[in-house]
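> Just one file: coords04.cif, with mmCIF, C-alpha atoms and all ligand atoms.
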data_target
loop_
_atom_site.label_atom_id
_atom_site.label_comp_id
_atom_site.auth_asym_id
_atom_site.auth_seq_id
_atom_site.Cartn_x
_atom_site.Cartn_y
_atom_site.Cartn_z
CA MET A 15 0.00 0.00 0.00
CA ARG A 16 1.28 3.44 -0.81
CA LYS A 17 1.82 5.92 1.98
CA ASN A 18 -0.09 9.04 2.86
CA ILE A 19 2.35 11.92 3.21
CA VAL A 20 1.96 15.53 4.31
CA ALA A 21 5.06 17.65 3.71
CA GLY A 22 5.50 21.28 4.68
CA ASN A 23 7.63 23.29 2.27
CA TRP A 24 8.74 26.33 4.23
CA LYS A 25 10.34 27.92 1.15
CA MET A 26 12.56 30.95 1.94
CA ASN A 27 10.86 31.65 5.26
CA ASN A 28 12.00 31.56 8.89
CA ASP A 29 15.38 32.59 10.25
CA LEU A 30 16.93 30.55 13.06
CA SER A 31 14.82 31.96 15.89
CA GLN A 32 11.60 31.73 13.87
CA THR A 33 12.55 28.16 12.99
CA GLU A 34 13.03 27.37 16.68
CA THR A 35 9.60 28.78 17.49
CA LEU A 36 7.92 26.78 14.74
CA LEU A 37 9.76 23.57 15.66
CA THR A 38 8.68 23.95 19.28
CA SER A 39 5.06 24.39 18.34
CA LEU A 40 5.25 21.49 15.89
CA LYS A 41 6.46 19.25 18.72
CA ASN A 42 3.42 20.29 20.77
CA GLN A 43 0.95 19.14 18.13
CA LYS A 44 -0.86 15.85 18.32
CA GLN A 45 -1.01 13.57 15.33
CA THR A 46 -4.18 11.54 14.97
CA SER A 47 -3.70 10.37 11.36
CA ASN A 48 -1.36 7.78 9.93
CA ALA A 49 0.27 10.19 7.47
CA GLU A 50 4.04 10.46 7.19
CA VAL A 51 4.94 14.01 8.17
CA MET A 52 7.82 16.02 6.71
CA VAL A 53 9.04 19.58 6.96
CA ALA A 54 11.47 21.34 4.63
CA PRO A 55 13.28 24.27 6.29
CA THR A 56 15.93 26.37 4.54
CA PHE A 57 19.42 24.91 4.20
CA THR A 58 20.79 26.96 7.10
CA ASN A 59 18.25 25.45 9.49
CA LEU A 60 18.34 21.82 8.37
CA TRP A 61 20.77 20.58 11.01
CA HIS A 62 19.02 22.46 13.76
CA ALA A 63 15.64 21.07 12.68
CA PHE A 64 17.05 17.57 12.43
CA GLU A 65 18.37 17.78 15.99
CA ALA A 66 15.14 19.30 17.31
CA LEU A 67 12.92 16.68 15.66
CA ARG A 68 15.20 13.69 16.29
CA GLU A 69 12.81 12.08 18.80
CA SER A 70 9.69 12.92 16.81
CA ASN A 71 8.19 11.22 13.78
CA VAL A 72 8.61 14.33 11.65
CA GLU A 73 11.19 13.92 8.90
CA VAL A 74 13.36 16.88 7.94
CA VAL A 75 13.74 17.20 4.17
CA ALA A 76 15.57 19.63 1.87
CA GLN A 77 14.05 21.98 -0.69
CA ASN A 78 16.68 21.53 -3.38
CA MET A 79 20.17 20.19 -4.13
CA HIS A 80 22.82 20.22 -6.84
CA PHE A 81 23.53 17.18 -9.00
CA ALA A 82 27.31 17.20 -8.52
CA GLU A 83 29.01 15.51 -5.57
CA ASN A 84 31.23 18.51 -4.79
CA GLY A 85 33.43 21.04 -6.53
CA ALA A 86 33.33 24.52 -8.00
CA TYR A 87 29.59 25.24 -7.77
CA THR A 88 29.48 28.33 -5.57
CA GLY A 89 26.34 28.54 -3.49
CA GLU A 90 25.21 24.97 -4.08
CA ILE A 91 24.66 21.96 -1.81
CA SER A 92 25.19 18.29 -2.68
CA ALA A 93 23.30 15.13 -1.78
CA SER A 94 26.08 13.88 0.47
CA MET A 95 26.13 17.22 2.33
CA LEU A 96 22.42 16.89 2.96
CA LYS A 97 22.87 13.33 4.13
CA SER A 98 25.64 14.37 6.49
CA VAL A 99 23.13 16.50 8.43
CA GLY A 100 20.55 13.72 8.55
CA VAL A 101 18.48 14.60 5.49
CA GLN A 102 17.24 11.56 3.54
CA THR A 103 14.67 13.20 1.28
CA VAL A 104 14.85 16.13 -1.13
CA ILE A 105 12.21 18.13 -2.97
CA LEU A 106 13.18 18.57 -6.63
CA GLY A 107 11.52 20.38 -9.52
CA HIS A 108 9.43 22.84 -7.56
CA SER A 109 7.76 25.30 -9.92
CA GLU A 110 9.56 28.18 -8.19
CA ARG A 111 12.89 26.50 -9.01
CA ARG A 112 11.73 25.99 -12.59
CA ALA A 113 10.42 29.56 -12.96
CA TYR A 114 13.03 31.64 -11.10
CA PHE A 115 16.14 29.49 -11.45
CA ASN A 116 15.56 28.11 -14.94
CA GLU A 117 15.53 24.49 -13.86
CA THR A 118 14.67 22.34 -16.86
CA ASP A 119 13.47 18.75 -17.06
CA GLU A 120 16.94 17.83 -18.34
CA LEU A 121 18.66 19.37 -15.32
CA LEU A 122 16.10 17.79 -13.00
CA ALA A 123 16.79 14.36 -14.46
CA LYS A 124 20.41 14.79 -13.36
CA LYS A 125 19.39 15.92 -9.89
CA VAL A 126 17.04 12.96 -9.54
CA ASP A 127 19.86 10.61 -10.56
CA ALA A 128 22.23 12.17 -8.02
CA ALA A 129 19.70 11.90 -5.21
CA LEU A 130 18.90 8.26 -6.00
CA ALA A 131 22.60 7.41 -6.37
CA ASN A 132 22.98 8.69 -2.81
CA SER A 133 20.07 6.52 -1.62
CA MET A 134 17.89 9.53 -1.02
CA ARG A 135 14.18 9.78 -1.55
CA VAL A 136 12.89 12.38 -4.03
CA ILE A 137 9.69 14.39 -3.88
CA PHE A 138 9.44 15.30 -7.54
CA CYS A 139 7.26 18.34 -8.29
CA PHE A 140 5.63 19.33 -11.55
CA GLY A 141 2.46 21.03 -12.74
CA GLU A 142 0.98 23.14 -15.47
CA GLU A 143 0.59 26.90 -15.73
CA LEU A 144 -2.76 28.64 -16.02
CA ALA A 145 -2.46 29.05 -19.80
CA ASP A 146 -1.92 25.30 -20.16
CA ARG A 147 -5.02 24.60 -18.10
CA LYS A 148 -7.10 27.14 -20.02
CA GLY A 149 -5.84 25.74 -23.33
CA ASP A 150 -6.72 22.21 -22.21
CA ASN A 151 -3.06 21.27 -22.53
CA HIS A 152 -2.46 20.47 -18.86
CA GLU A 153 -2.24 16.71 -19.28
CA ASN A 154 0.31 17.01 -22.08
CA VAL A 155 2.46 19.38 -20.03
CA VAL A 156 2.40 17.16 -16.95
CA ALA A 157 3.07 13.99 -18.94
CA SER A 158 6.10 15.55 -20.60
CA GLN A 159 7.50 16.87 -17.30
CA ILE A 160 7.26 13.39 -15.82
CA LYS A 161 8.60 11.58 -18.89
CA ASN A 162 11.52 13.95 -19.46
CA ALA A 163 12.77 13.91 -15.89
CA LEU A 164 11.88 10.41 -14.70
CA PHE A 165 11.26 7.92 -17.48
CA HIS A 166 14.93 7.07 -17.90
CA LEU A 167 14.70 5.40 -14.47
CA ASP A 168 14.14 1.70 -14.00
CA ALA A 169 11.04 0.49 -12.19
CA ALA A 170 12.90 -0.27 -8.96
CA ALA A 171 13.86 3.41 -8.60
CA PHE A 172 10.24 4.32 -7.98
CA LYS A 173 10.31 3.00 -4.45
CA ASN A 174 12.26 6.18 -3.69
CA ILE A 175 10.12 8.57 -5.71
CA VAL A 176 7.15 10.54 -4.45
CA LEU A 177 5.31 12.68 -6.99
CA ALA A 178 3.85 16.08 -6.18
CA TYR A 179 1.38 17.62 -8.60
CA GLU A 180 1.38 21.36 -8.04
CA PRO A 181 -0.55 23.37 -10.62
CA VAL A 182 1.32 26.68 -10.82
CA TRP A 183 -1.90 28.69 -10.85
CA ALA A 184 -2.84 27.28 -7.44
CA ILE A 185 0.44 27.96 -5.62
CA GLY A 186 0.23 30.78 -3.11
CA THR A 187 -2.79 32.20 -4.89
CA GLY A 188 -5.54 31.01 -2.57
CA GLU A 189 -7.02 29.30 -5.61
CA THR A 190 -7.05 25.53 -5.24
CA ALA A 191 -7.65 22.91 -7.84
CA SER A 192 -11.06 21.47 -7.09
CA PRO A 193 -10.93 18.01 -5.53
CA GLU A 194 -12.26 16.69 -8.86
CA GLN A 195 -9.53 18.47 -10.86
CA ALA A 196 -6.90 17.07 -8.50
CA GLN A 197 -8.35 13.57 -8.70
CA ASP A 198 -8.58 13.67 -12.52
CA MET A 199 -4.96 14.75 -12.83
CA HIS A 200 -3.70 12.26 -10.23
CA ALA A 201 -5.52 9.44 -12.02
CA PHE A 202 -3.95 10.60 -15.29
CA ILE A 203 -0.49 10.64 -13.66
CA ARG A 204 -1.01 7.14 -12.32
CA LYS A 205 -2.10 5.94 -15.75
CA THR A 206 0.98 7.55 -17.31
CA LEU A 207 3.12 5.60 -14.83
CA ALA A 208 1.17 2.39 -15.43
CA ASP A 209 1.60 2.66 -19.21
CA LYS A 210 5.37 2.77 -18.79
CA TYR A 211 6.07 0.68 -15.66
CA GLY A 212 2.96 -1.42 -15.13
CA ASN A 213 0.10 -1.17 -12.69
CA ASP A 214 1.95 -2.45 -9.61
CA ILE A 215 4.48 0.37 -9.74
CA ALA A 216 1.79 2.93 -10.56
CA GLN A 217 -0.27 1.84 -7.56
CA SER A 218 2.72 1.94 -5.23
CA VAL A 219 3.80 5.55 -5.86
CA SER A 220 2.39 8.25 -3.57
CA ILE A 221 1.10 11.28 -5.47
CA LEU A 222 0.74 14.46 -3.42
CA TYR A 223 -1.29 17.51 -4.32
CA GLY A 224 0.08 21.01 -3.66
CA GLY A 225 -1.40 24.45 -4.15
CA SER A 226 -3.28 26.41 -1.49
CA VAL A 227 -4.08 23.39 0.67
CA LYS A 228 -5.58 24.68 3.92
CA PRO A 229 -7.27 23.14 6.96
CA ALA A 230 -10.62 24.05 5.36
CA ASN A 231 -10.09 22.15 2.10
CA ALA A 232 -7.62 19.38 2.99
CA LYS A 233 -10.16 16.76 4.00
CA GLU A 234 -12.07 16.94 0.74
CA ILE A 235 -8.93 16.90 -1.40
CA PHE A 236 -7.38 14.01 0.57
CA SER A 237 -10.62 12.02 0.32
CA LYS A 238 -9.99 11.48 -3.40
CA PRO A 239 -8.70 7.99 -4.16
CA ASP A 240 -5.58 9.00 -6.09
CA VAL A 241 -4.57 11.87 -3.80
CA ASP A 242 -2.11 10.44 -1.28
CA GLY A 243 -1.29 13.61 0.59
CA GLY A 244 -0.18 17.18 0.23
CA LEU A 245 2.79 19.45 -0.25
CA ILE A 246 1.91 22.47 1.82
CA GLY A 247 3.38 25.96 1.52
CA GLY A 248 1.79 28.87 3.41
CA ALA A 249 -0.29 26.75 5.78
CA ALA A 250 2.81 24.81 6.86
CA LEU A 251 4.20 27.92 8.55
CA LYS A 252 1.65 27.65 11.36
CA ALA A 253 1.92 24.46 13.38
CA GLU A 254 -1.81 24.32 14.21
CA ASP A 255 -2.83 24.72 10.57
CA PHE A 256 -0.22 22.23 9.41
CA TYR A 257 -1.41 19.59 11.86
CA ALA A 258 -5.03 20.27 10.99
CA ILE A 259 -3.98 19.26 7.47
CA VAL A 260 -1.89 16.27 8.69
CA ASN A 261 -4.92 15.09 10.64
CA ALA A 262 -7.32 15.62 7.74
CA PHE A 263 -6.71 12.01 6.69
P1 LIG A 301 0.93 27.08 -1.03
O1 LIG A 301 0.38 26.00 -0.13
O2 LIG A 301 1.39 28.30 -0.28
O3 LIG A 301 0.01 27.39 -2.16
O4 LIG A 301 2.27 26.49 -1.69
C1 LIG A 301 2.24 25.23 -2.26
C2 LIG A 301 3.62 24.84 -2.59
O5 LIG A 301 4.26 25.41 -3.45
C3 LIG A 301 4.23 23.75 -1.81
O6 LIG A 301 5.42 23.34 -2.37
#
Would you give me this structure, written as structure tokens?


Amino acid sequence: MRKNIVAGNWKMNNDLSQTETLLTSLKNQKQTSNAEVMVAPTFTNLWHAFEALRESNVEVVAQNMHFAENGAYTGEISASMLKSVGVQTVILGHSERRAYFNETDELLAKKVDAALANSMRVIFCFGEELADRKGDNHENVVASQIKNALFHLDAAAFKNIVLAYEPVWAIGTGETASPEQAQDMHAFIRKTLADKYGNDIAQSVSILYGGSVKPANAKEIFSKPDVDGGLIGGAALKAEDFYAIVNAF
């Protein structure tokens, strides 16, 4: 059975003291669902978060990494550096990385390979823009993002891949995909996987939805059969809201 996962992507928010405050209130929350819980602080706070959450069941994950092992890549962080501070999972392909840092499917394929080569788990993000949705091209866009960055992998690699469908028009906008839109796309993604790798693999991969998930809408979105959890931005910055979403399962 695939896992339910709720991951909080803190993006470029929270300095050290704000991180401490949020970690403390996260530790005071009560989990009543069976979801795997993850938080992704900024690089500078990863070690601190790892130490603070060591005794909890919250996994600390990274928001990005470089594909190279080390070397002359000023400002970048490698998989082994992340692993050395306890990080086992990395978010790759976020639409903000694609839009503001020109990350292409080709580059992301290399990052995915580097993460897997270091025995890390990948939360691979993708999603269409508003114009794609309006032009009824959203399925084509999503299929090509997945194929270009992931379909060179063998089937066994998918035990370390989590997919996160994040329609760009729903990120930070307050506009959410309707539960039906999310379900339709997640079913399409699963079929795309099944066509290439077979139904067993397709059924085993968790597919998260991201884009303005809030306590008020999480339950309905998570009730859809192909939605296995959420990647949460703004609402992950408040521990109470984040756990209301974690417990929406
Ligand atoms: P919001 O929940 O703020 O829309 O952000 C979603 C997101 O980008 C998570 O990665």

> If I put a ball of radius 6 Å at (-12.0, 16.2, -3.8) in the file's coordinates, which residues poke into it when counting all atoms listed in the file, written as a ChimeraX atom specification?

/A:193-194,234-235,238

> Mind writing the picked residues with C-alpha atoms as a tab-separated table (two decimals), in the frame of the given file?


chain	number	residue	atom	x	y	z
A	193	PRO	CA	-10.93	18.01	-5.53
A	194	GLU	CA	-12.26	16.69	-8.86
A	234	GLU	CA	-12.07	16.94	0.74
A	235	ILE	CA	-8.93	16.90	-1.40
A	238	LYS	CA	-9.99	11.48	-3.40

> Considering all atoms listed in the file, return as a list in words whatever protein or nucleic-acid residues lie within 7 Å of stretch 245-256 of chain A, sequence-local ones (same chain, fewer than 5 positions apart) excluded.

Val20, Ala21, Gly22, Asn23, Trp24, Leu36, Ser39, Leu40, Ala178, Gly186, Leu222, Tyr223, Gly224, Val227, Lys228 and Pro229 of chain A

> A:Asp29, A:Glu153, A:Glu34, A:Glu110: which is nearest ligand LIG 301 (chain A), counting all atoms listed in the file?

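Among the listed residues, A:Glu110 lies closest to ligand LIG 301 (chain A).
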
> If I wrap all listed atoms of stretch 183-201 of chain A in a box with edges along x, y and z and add 3 Å on each side, what are its centre and edge lengths in Å to one decimal, as AutoDock Vina command-line options?


--center_x -5.9 --center_y 20.8 --center_z -7.7 --size_x 18.7 --size_y 28.8 --size_z 16.3

> Closest to ligand LIG 301 (chain A) among A:Ile160, A:Ala232, A:Ile203, A:Ala169, using only C-alpha atoms and all ligand atoms?

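Using only C-alpha atoms and all ligand atoms, ligand LIG 301 (chain A) sits closest to A:Ala232.
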
> A:Ala171, A:Leu106, A:Thr58, A:Ile185: which is nearest A:Leu144, counting all atoms listed in the file?

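Smallest distance to A:Leu144 is found for A:Ile185.
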
> What lies within 10 Å of A:His80 using all atoms listed in the file, ignoring chain neighbours under 2 positions off, as a VMD selection string?

chain A and resid 78 82 to 84 87 89 to 93 106 121 to 122 124 to 126 128 to 129

> Could you save those same residues with C-alpha atoms as a PDB file, in the coordinates of the input?


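Done, and the output landed in selection.pdb:
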ATOM      1  CA  ASN A  78      16.680  21.530  -3.380  1.00  0.00           C
ATOM      2  CA  ALA A  82      27.310  17.200  -8.520  1.00  0.00           C
ATOM      3  CA  GLU A  83      29.010  15.510  -5.570  1.00  0.00           C
ATOM      4  CA  ASN A  84      31.230  18.510  -4.790  1.00  0.00           C
ATOM      5  CA  TYR A  87      29.590  25.240  -7.770  1.00  0.00           C
ATOM      6  CA  GLY A  89      26.340  28.540  -3.490  1.00  0.00           C
ATOM      7  CA  GLU A  90      25.210  24.970  -4.080  1.00  0.00           C
ATOM      8  CA  ILE A  91      24.660  21.960  -1.810  1.00  0.00           C
ATOM      9  CA  SER A  92      25.190  18.290  -2.680  1.00  0.00           C
ATOM     10  CA  ALA A  93      23.300  15.130  -1.780  1.00  0.00           C
ATOM     11  CA  LEU A 106      13.180  18.570  -6.630  1.00  0.00           C
ATOM     12  CA  LEU A 121      18.660  19.370 -15.320  1.00  0.00           C
ATOM     13  CA  LEU A 122      16.100  17.790 -13.000  1.00  0.00           C
ATOM     14  CA  LYS A 124      20.410  14.790 -13.360  1.00  0.00           C
ATOM     15  CA  LYS A 125      19.390  15.920  -9.890  1.00  0.00           C
ATOM     16  CA  VAL A 126      17.040  12.960  -9.540  1.00  0.00           C
ATOM     17  CA  ALA A 128      22.230  12.170  -8.020  1.00  0.00           C
ATOM     18  CA  ALA A 129      19.700  11.900  -5.210  1.00  0.00           C
TER      19      ALA A 129
END

> Stretch 24-40 of chain A from the block above, N, CA and C atoms, as a JSON list (two decimals), in the first residue's frame, please?


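Output contents, as saved in selection08.json:
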[["chain", "number", "residue", "atom", "x", "y", "z"],
["A", 24, "TRP", "N", 8.67, 25.00, 3.61],
["A", 24, "TRP", "CA", 8.74, 26.33, 4.23],
["A", 24, "TRP", "C", 9.27, 27.39, 3.28],
["A", 25, "LYS", "N", 9.79, 26.98, 2.14],
["A", 25, "LYS", "CA", 10.34, 27.92, 1.15],
["A", 25, "LYS", "C", 11.37, 28.84, 1.83],
["A", 26, "MET", "N", 11.54, 30.07, 1.34],
["A", 26, "MET", "CA", 12.56, 30.95, 1.94],
["A", 26, "MET", "C", 11.93, 31.76, 3.08],
["A", 27, "ASN", "N", 11.48, 31.03, 4.09],
["A", 27, "ASN", "CA", 10.86, 31.65, 5.26],
["A", 27, "ASN", "C", 11.53, 31.12, 6.52],
["A", 28, "ASN", "N", 11.54, 31.93, 7.56],
["A", 28, "ASN", "CA", 12.00, 31.56, 8.89],
["A", 28, "ASN", "C", 13.52, 31.60, 9.07],
["A", 29, "ASP", "N", 13.98, 32.58, 9.82],
["A", 29, "ASP", "CA", 15.38, 32.59, 10.25],
["A", 29, "ASP", "C", 15.53, 31.60, 11.40],
["A", 30, "LEU", "N", 16.69, 31.57, 12.03],
["A", 30, "LEU", "CA", 16.93, 30.55, 13.06],
["A", 30, "LEU", "C", 15.93, 30.66, 14.22],
["A", 31, "SER", "N", 15.69, 31.88, 14.71],
["A", 31, "SER", "CA", 14.82, 31.96, 15.89],
["A", 31, "SER", "C", 13.36, 31.66, 15.50],
["A", 32, "GLN", "N", 12.96, 32.07, 14.32],
["A", 32, "GLN", "CA", 11.60, 31.73, 13.87],
["A", 32, "GLN", "C", 11.47, 30.22, 13.65],
["A", 33, "THR", "N", 12.55, 29.62, 13.18],
["A", 33, "THR", "CA", 12.55, 28.16, 12.99],
["A", 33, "THR", "C", 12.41, 27.47, 14.34],
["A", 34, "GLU", "N", 13.13, 27.97, 15.33],
["A", 34, "GLU", "CA", 13.03, 27.37, 16.68],
["A", 34, "GLU", "C", 11.60, 27.45, 17.20],
["A", 35, "THR", "N", 10.98, 28.60, 17.01],
["A", 35, "THR", "CA", 9.60, 28.78, 17.49],
["A", 35, "THR", "C", 8.66, 27.79, 16.79],
["A", 36, "LEU", "N", 8.81, 27.68, 15.48],
["A", 36, "LEU", "CA", 7.92, 26.78, 14.74],
["A", 36, "LEU", "C", 8.18, 25.31, 15.10],
["A", 37, "LEU", "N", 9.44, 24.96, 15.28],
["A", 37, "LEU", "CA", 9.76, 23.57, 15.66],
["A", 37, "LEU", "C", 9.15, 23.24, 17.02],
["A", 38, "THR", "N", 9.25, 24.19, 17.95],
["A", 38, "THR", "CA", 8.68, 23.95, 19.28],
["A", 38, "THR", "C", 7.17, 23.75, 19.17],
["A", 39, "SER", "N", 6.50, 24.60, 18.40],
["A", 39, "SER", "CA", 5.06, 24.39, 18.34],
["A", 39, "SER", "C", 4.69, 23.15, 17.53],
["A", 40, "LEU", "N", 5.53, 22.76, 16.59],
["A", 40, "LEU", "CA", 5.25, 21.49, 15.89],
["A", 40, "LEU", "C", 5.31, 20.32, 16.86]]
